[in-house]
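This report refers to the structure that appears directly beneath it.
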Amino acid sequence: MSFRLKIISLILFVSLVPYIFTMLYSANTLRDEYYANAKDNLQTQLSLSIGKIDQYINNLHRDMVFMSHMDVMNDIYSHDIDRRISILLENKKKDLSLDGDFYLVDKNNKIIASSNKNISPMSELKIKYTPLYTVPIKSNFDGKEIAKLIVDFSLKNISHFFDNGDDKFYYITVNNKILFKTKSFINKIEVKQVLDTKKDIHIVLEKNQKAFIESLKRYEILFSLVLFIGAILITLIASFLLNKLIKPILDLSQLVHTITKTKDYSRAVFVKGSDEIAKLAKAFNTMLHGIDKALHENELLNKEIEETQREVVFTMGAIGESRSKETGNHVKRVAEYSKLLALFYGLSEEESEMIKQASPMHDIGKVAIPDAVLNKPGRFNEEERAIMDTHAQLGYEMLKHSQRPLLKAAAIVAYEHHEKYDGSGYPRGLAAEEIHIYGRITALADVFDALGSDRVYKKAWDDERIFSLFKEERGKHFDPLLIDIFFENINQFLAIRDKFQDVE
Amino acid sequence: MSVKILIFILVLNINSFASEYAVIMNTHVKVKNLSAKEIKNIFLMKKHFVNDIKLIPVNSAASLEIRARFEKNILHKNRRKLNKYWVKKHFQGIQPPVVQASMNAVKLFVKNVDGAIGYIPMKLLDSNVKVLYEF
């Protein structure tokens, strides 16, 4: 996870989470309020209806009590044979548009009078609906209860107060029984209330909430949209601000990355402002500048050292040359041939360059050879040859103490440039891969140039003769691989010989 | 004494020729007979007890002929005087007697209520009621 991502996540978390929580909370509150409001309205409607129903039932009760005190109740004693009580009850029923009937019964539940013409007097009381109220009737003379006035009440009377519509309806529940429920809505709100006058009768008002819930859904979609847009806005603002904030840091890190890759310490980072990051960038620039300067100085110093080394080596080579019979550009040509061979052999550019610089010192040992031997014209005798051959060993002794890679390479070259591939060379008689590649390369380069040059004691060989000798000595004096390389690239070697011709 | 009884029976007999109506109570009450004066006082709510029995006078409906005859022969008051009387009594908290609509209802009422006293035509008499007075 990148730094940028971390910071963005953090800011988004810190800003988005409270935002979303607040929005959801307020939405929920609004929704609840909306819902509670709808329910309140419904409750009010129901309460009004229930008020009417209660009043109706109260009136019924009051009427019954009133009737029970009327003088005509004396006719109970004459079993209402004049039907005066019955007529009273019938009229009352009509007045109230009552569904159900009034019954006046004696102590044995025998009907004395009723509002139902079809009931014969003195028959047994049969309740068809609900005996809603029973009012005792007391004697006018001795105060004893002589009969009861009962109303057999159909709940249909209550249903007349139900203001049912397309989107709402009422129903009744009595002892867990549901009455007058004609339909049911899928999405609904319902409110329930008990009658004041009859505590076992509940009225339920159910309202279709399809429209309500649809509008709620529309509201929720709108809300979600607002929430979504808000979240996107917050995200955009946060990322915009962050980009501004983080950009210097990213620039810094990018620069560090680039510098690690290219090692180019001359770069700098630019940050506006004066905050901590700007200070950091400034300090970083100063540091970079310091490193760059130090590196530059170091480089100069190295260059100086290398130059000095090269000069020393070359001068030493020149000293060696001055002590030998080889003249002119011999050393230079050997150096060039060696480098070419090394490159073709597959050594690196650096190593090839080192061979080039080291090879001029192959004859440095000759400074220790007495002039009498060294400058003797004509052929050496056995003794003189032995003295002469020590120059390889001597050169090695001179150079071996150095720890410098160049001088070490020069030591190898001086020591092994007279070894032969078949082991017949000197001073140690090494063979094949035992001879260091530097030695094998310099041997070939040295012989090639020596044969092609005039010497005090001989004329220069022509090319045909040199090539036939080389072919002959392949695997004997010379490394066969190097001979192959030599013949493959013969033109380049000849070009070097032409370039560095001895000027007589 | 026996002469008195004889005369009473004679009078009763004479009356019985002319009388069509009887004042009745049910057979459970131990009241033998009542004088016209007593009956008058009972129906004017002045006399309430006979032999410790609370009396409940029952009038028949005002439209019936028997009611008019009863008012004339027993109460000796015309309807106007009676109305005045009851208005006066009303203010003393005394209500007029219970009214039953028909003569059968009166008979049934008397039969069912101990202490009830009413009047019906002689031809409606049966074993459930006893006659206290005829007129």
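Identifiers for the structure tokens are assigned positionally: chains receive A, B, ... in sequence, residues are indexed from 1 per chain, and ligands are indexed from 1 in the order shown.
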Which residues, written as JSON, numbers by chain, have at least one atom at most 12 Å from range 262-273 of chain A, with only C-alpha atoms counted and residues fewer than 6 positions away on the same chain left out? {"A": [244, 245, 246, 247, 248, 249, 250, 251, 252, 253, 254, 255, 256, 279, 280, 281, 282, 283, 284, 285, 286, 287, 288, 289, 290, 291, 292, 293, 294, 295, 296]}
When DSSP works through the backbone of this structure, what residues of range 11-129 of chain A end up as helix (DSSP H, G or I), shown as a PyMOL selection string? chain A and resi 11-68+71-76+84-96
Using only C-alpha atoms, determine which residues of chain B fall within 6 Å of chain A; present them as a PyMOL selection string. chain B and resi 105+108-109+112
So that I can check the surroundings of Arg79 in chain B, please list as a ChimeraX atom specification every protein, DNA and RNA residue that reaches within 12 Å of it, counting only C-alpha atoms and ignoring chain neighbours fewer than 2 positions away. /B:62-63,67-72,75-77,81-86
Please provide as a list in words all residues within 8 Å of range 64-70 of chain A, with the sequence filter that same-chain residues fewer than 3 positions apart are discarded (counting only C-alpha atoms).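 Neighbouring residues, sequence-local ones excluded: Leu60, His61, Met73, Val135, Pro136, Ile137, Lys138 and Leu149 of chain A.
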Dump as a PDB file, in the first residue's frame, selection limited to N, CA and C atoms:
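selection39.pdb written:
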ATOM      1  N   LEU A  60     -77.397   4.112  24.130  1.00  0.00           N
ATOM      2  CA  LEU A  60     -78.204   2.902  24.205  1.00  0.00           C
ATOM      3  C   LEU A  60     -78.419   2.491  25.659  1.00  0.00           C
ATOM      4  N   HIS A  61     -77.297   2.536  26.378  1.00  0.00           N
ATOM      5  CA  HIS A  61     -77.386   2.140  27.789  1.00  0.00           C
ATOM      6  C   HIS A  61     -78.276   3.089  28.574  1.00  0.00           C
ATOM      7  N   MET A  73     -93.420  -0.028  33.032  1.00  0.00           N
ATOM      8  CA  MET A  73     -92.839  -1.274  33.480  1.00  0.00           C
ATOM      9  C   MET A  73     -93.726  -1.984  34.500  1.00  0.00           C
ATOM     10  N   VAL A 135     -80.129  -4.568  32.079  1.00  0.00           N
ATOM     11  CA  VAL A 135     -80.503  -3.570  33.080  1.00  0.00           C
ATOM     12  C   VAL A 135     -81.596  -4.172  33.962  1.00  0.00           C
ATOM     13  N   PRO A 136     -81.392  -4.210  35.275  1.00  0.00           N
ATOM     14  CA  PRO A 136     -82.432  -4.760  36.153  1.00  0.00           C
ATOM     15  C   PRO A 136     -83.601  -3.787  36.284  1.00  0.00           C
ATOM     16  N   ILE A 137     -84.787  -4.355  36.393  1.00  0.00           N
ATOM     17  CA  ILE A 137     -85.967  -3.511  36.577  1.00  0.00           C
ATOM     18  C   ILE A 137     -86.535  -3.811  37.955  1.00  0.00           C
ATOM     19  N   LYS A 138     -86.659  -2.739  38.723  1.00  0.00           N
ATOM     20  CA  LYS A 138     -87.095  -2.932  40.101  1.00  0.00           C
ATOM     21  C   LYS A 138     -88.550  -2.545  40.249  1.00  0.00           C
ATOM     22  N   LEU A 149     -84.048  -6.000  31.606  1.00  0.00           N
ATOM     23  CA  LEU A 149     -84.117  -5.520  30.234  1.00  0.00           C
ATOM     24  C   LEU A 149     -82.772  -5.840  29.585  1.00  0.00           C
TER      25      LEU A 149
END
Within 8 Å of Val106 in chain B using only C-alpha atoms, minus same-chain residues under 5 positions, as a list in words: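 So the residues in contact are Ser78 of chain A; Val58, Asn59, Ser60, Gln100, Ala101, Gly118, Tyr119 and Ile120 of chain B.
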Emit the selected residues as a PDB file, in the first residue's frame, including C-alpha atoms.
ATOM      1  CA  SER A  78     -99.815  -8.059  33.921  1.00  0.00           C
TER       2      SER A  78
ATOM      3  CA  VAL B  58    -104.593  -0.173  40.011  1.00  0.00           C
ATOM      4  CA  ASN B  59    -106.663   2.040  37.783  1.00  0.00           C
ATOM      5  CA  SER B  60    -107.882   0.988  34.420  1.00  0.00           C
ATOM      6  CA  GLN B 100    -103.280  -0.783  33.334  1.00  0.00           C
ATOM      7  CA  ALA B 101    -104.552  -0.440  29.804  1.00  0.00           C
ATOM      8  CA  GLY B 118    -108.347  -3.053  41.177  1.00  0.00           C
ATOM      9  CA  TYR B 119    -111.751  -3.192  39.617  1.00  0.00           C
ATOM     10  CA  ILE B 120    -113.042  -5.236  36.707  1.00  0.00           C
TER      11      ILE B 120
END
Which polymer residues have any atom within 8 Å of an atom of range 110-117 of chain A, counting only C-alpha atoms, with same-chain residues fewer than 2 positions away left out, as number ranges by chain? A: 76, 79-80, 83, 85-91, 93, 101-108, 119-125
Output N, CA and C atoms for every residue in the selection just made, as an mmCIF file, in the first residue's frame.
data_model
loop_
_atom_site.group_PDB
_atom_site.id
_atom_site.type_symbol
_atom_site.label_atom_id
_atom_site.label_comp_id
_atom_site.auth_asym_id
_atom_site.auth_seq_id
_atom_site.Cartn_x
_atom_site.Cartn_y
_atom_site.Cartn_z
ATOM 1 N N ILE A 76 -95.299 -5.261 33.640
ATOM 2 C CA ILE A 76 -94.642 -6.553 33.836
ATOM 3 C C ILE A 76 -95.558 -7.447 34.658
ATOM 4 N N HIS A 79 -97.996 -9.089 32.707
ATOM 5 C CA HIS A 79 -97.353 -9.804 31.589
ATOM 6 C C HIS A 79 -97.504 -9.124 30.254
ATOM 7 N N ASP A 80 -97.563 -7.826 30.312
ATOM 8 C CA ASP A 80 -97.612 -6.992 29.115
ATOM 9 C C ASP A 80 -98.685 -7.462 28.148
ATOM 10 N N ARG A 83 -99.340 -5.162 25.521
ATOM 11 C CA ARG A 83 -98.199 -4.935 24.632
ATOM 12 C C ARG A 83 -97.659 -3.506 24.714
ATOM 13 N N ILE A 85 -95.327 -2.411 26.784
ATOM 14 C CA ILE A 85 -93.856 -2.465 26.885
ATOM 15 C C ILE A 85 -93.264 -2.852 25.540
ATOM 16 N N SER A 86 -93.873 -3.840 24.908
ATOM 17 C CA SER A 86 -93.368 -4.284 23.610
ATOM 18 C C SER A 86 -93.345 -3.146 22.619
ATOM 19 N N ILE A 87 -94.450 -2.364 22.618
ATOM 20 C CA ILE A 87 -94.508 -1.241 21.672
ATOM 21 C C ILE A 87 -93.401 -0.225 21.982
ATOM 22 N N LEU A 88 -93.215 0.001 23.283
ATOM 23 C CA LEU A 88 -92.125 0.910 23.688
ATOM 24 C C LEU A 88 -90.790 0.409 23.147
ATOM 25 N N LEU A 89 -90.552 -0.899 23.330
ATOM 26 C CA LEU A 89 -89.267 -1.462 22.894
ATOM 27 C C LEU A 89 -89.135 -1.412 21.373
ATOM 28 N N GLU A 90 -90.248 -1.706 20.684
ATOM 29 C CA GLU A 90 -90.219 -1.644 19.219
ATOM 30 C C GLU A 90 -89.881 -0.247 18.738
ATOM 31 N N ASN A 91 -90.518 0.737 19.381
ATOM 32 C CA ASN A 91 -90.256 2.122 18.975
ATOM 33 C C ASN A 91 -88.812 2.517 19.233
ATOM 34 N N LYS A 93 -86.281 0.541 19.322
ATOM 35 C CA LYS A 93 -85.448 -0.143 18.341
ATOM 36 C C LYS A 93 -85.431 0.623 17.018
ATOM 37 N N ASP A 101 -82.195 -6.852 19.238
ATOM 38 C CA ASP A 101 -83.502 -6.644 19.873
ATOM 39 C C ASP A 101 -83.373 -6.402 21.368
ATOM 40 N N PHE A 102 -84.430 -5.722 21.873
ATOM 41 C CA PHE A 102 -84.558 -5.602 23.335
ATOM 42 C C PHE A 102 -85.436 -6.734 23.823
ATOM 43 N N TYR A 103 -85.043 -7.270 24.939
ATOM 44 C CA TYR A 103 -85.906 -8.297 25.559
ATOM 45 C C TYR A 103 -86.101 -7.941 27.006
ATOM 46 N N LEU A 104 -87.360 -8.116 27.448
ATOM 47 C CA LEU A 104 -87.670 -7.954 28.852
ATOM 48 C C LEU A 104 -87.982 -9.348 29.370
ATOM 49 N N VAL A 105 -87.160 -9.836 30.283
ATOM 50 C CA VAL A 105 -87.368 -11.208 30.753
ATOM 51 C C VAL A 105 -87.594 -11.216 32.247
ATOM 52 N N ASP A 106 -88.322 -12.217 32.695
ATOM 53 C CA ASP A 106 -88.530 -12.336 34.144
ATOM 54 C C ASP A 106 -87.390 -13.134 34.739
ATOM 55 N N LYS A 107 -87.551 -13.467 36.028
ATOM 56 C CA LYS A 107 -86.431 -14.107 36.724
ATOM 57 C C LYS A 107 -86.085 -15.456 36.124
ATOM 58 N N ASN A 108 -87.032 -16.078 35.449
ATOM 59 C CA ASN A 108 -86.780 -17.400 34.874
ATOM 60 C C ASN A 108 -86.362 -17.328 33.414
ATOM 61 N N ILE A 119 -91.378 -13.049 18.306
ATOM 62 C CA ILE A 119 -91.151 -13.857 19.499
ATOM 63 C C ILE A 119 -92.465 -13.972 20.260
ATOM 64 N N SER A 120 -92.837 -15.179 20.580
ATOM 65 C CA SER A 120 -94.087 -15.329 21.334
ATOM 66 C C SER A 120 -93.810 -15.086 22.811
ATOM 67 N N PRO A 121 -94.770 -14.450 23.523
ATOM 68 C CA PRO A 121 -94.554 -14.125 24.937
ATOM 69 C C PRO A 121 -94.343 -15.383 25.762
ATOM 70 N N MET A 122 -93.574 -15.235 26.799
ATOM 71 C CA MET A 122 -93.289 -16.279 27.770
ATOM 72 C C MET A 122 -92.444 -17.425 27.188
ATOM 73 N N SER A 123 -91.830 -17.168 26.018
ATOM 74 C CA SER A 123 -90.913 -18.185 25.495
ATOM 75 C C SER A 123 -89.538 -17.966 26.135
ATOM 76 N N GLU A 124 -88.681 -18.946 25.952
ATOM 77 C CA GLU A 124 -87.326 -18.889 26.545
ATOM 78 C C GLU A 124 -86.493 -17.856 25.778
ATOM 79 N N LEU A 125 -85.635 -17.147 26.518
ATOM 80 C CA LEU A 125 -84.787 -16.137 25.860
ATOM 81 C C LEU A 125 -83.672 -16.829 25.085
#
Residues near Asp52 in chain B, cut-off 12 Å, only C-alpha atoms, skip fewer than 5 positions along chain, as a PyMOL selection string: chain B and resi 29-31+47+115
Any chance you could export the current selection's N, CA and C atoms as a PDB file, in the first residue's frame?
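Everything below was put into part_30.pdb:
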ATOM      1  N   VAL B  29    -104.187 -12.442  49.787  1.00  0.00           N
ATOM      2  CA  VAL B  29    -104.268 -11.465  50.886  1.00  0.00           C
ATOM      3  C   VAL B  29    -105.470 -11.739  51.781  1.00  0.00           C
ATOM      4  N   LYS B  30    -105.163 -11.511  53.040  1.00  0.00           N
ATOM      5  CA  LYS B  30    -106.233 -11.804  53.992  1.00  0.00           C
ATOM      6  C   LYS B  30    -107.031 -10.554  54.270  1.00  0.00           C
ATOM      7  N   VAL B  31    -107.728 -10.092  53.283  1.00  0.00           N
ATOM      8  CA  VAL B  31    -108.624  -8.968  53.451  1.00  0.00           C
ATOM      9  C   VAL B  31    -110.018  -9.467  53.053  1.00  0.00           C
ATOM     10  N   LYS B  47    -105.209   6.110  52.033  1.00  0.00           N
ATOM     11  CA  LYS B  47    -105.089   4.931  52.879  1.00  0.00           C
ATOM     12  C   LYS B  47    -104.204   3.936  52.165  1.00  0.00           C
ATOM     13  N   GLY B 115    -101.422  -7.402  47.376  1.00  0.00           N
ATOM     14  CA  GLY B 115    -101.692  -6.045  47.841  1.00  0.00           C
ATOM     15  C   GLY B 115    -102.299  -5.174  46.761  1.00  0.00           C
TER      16      GLY B 115
END
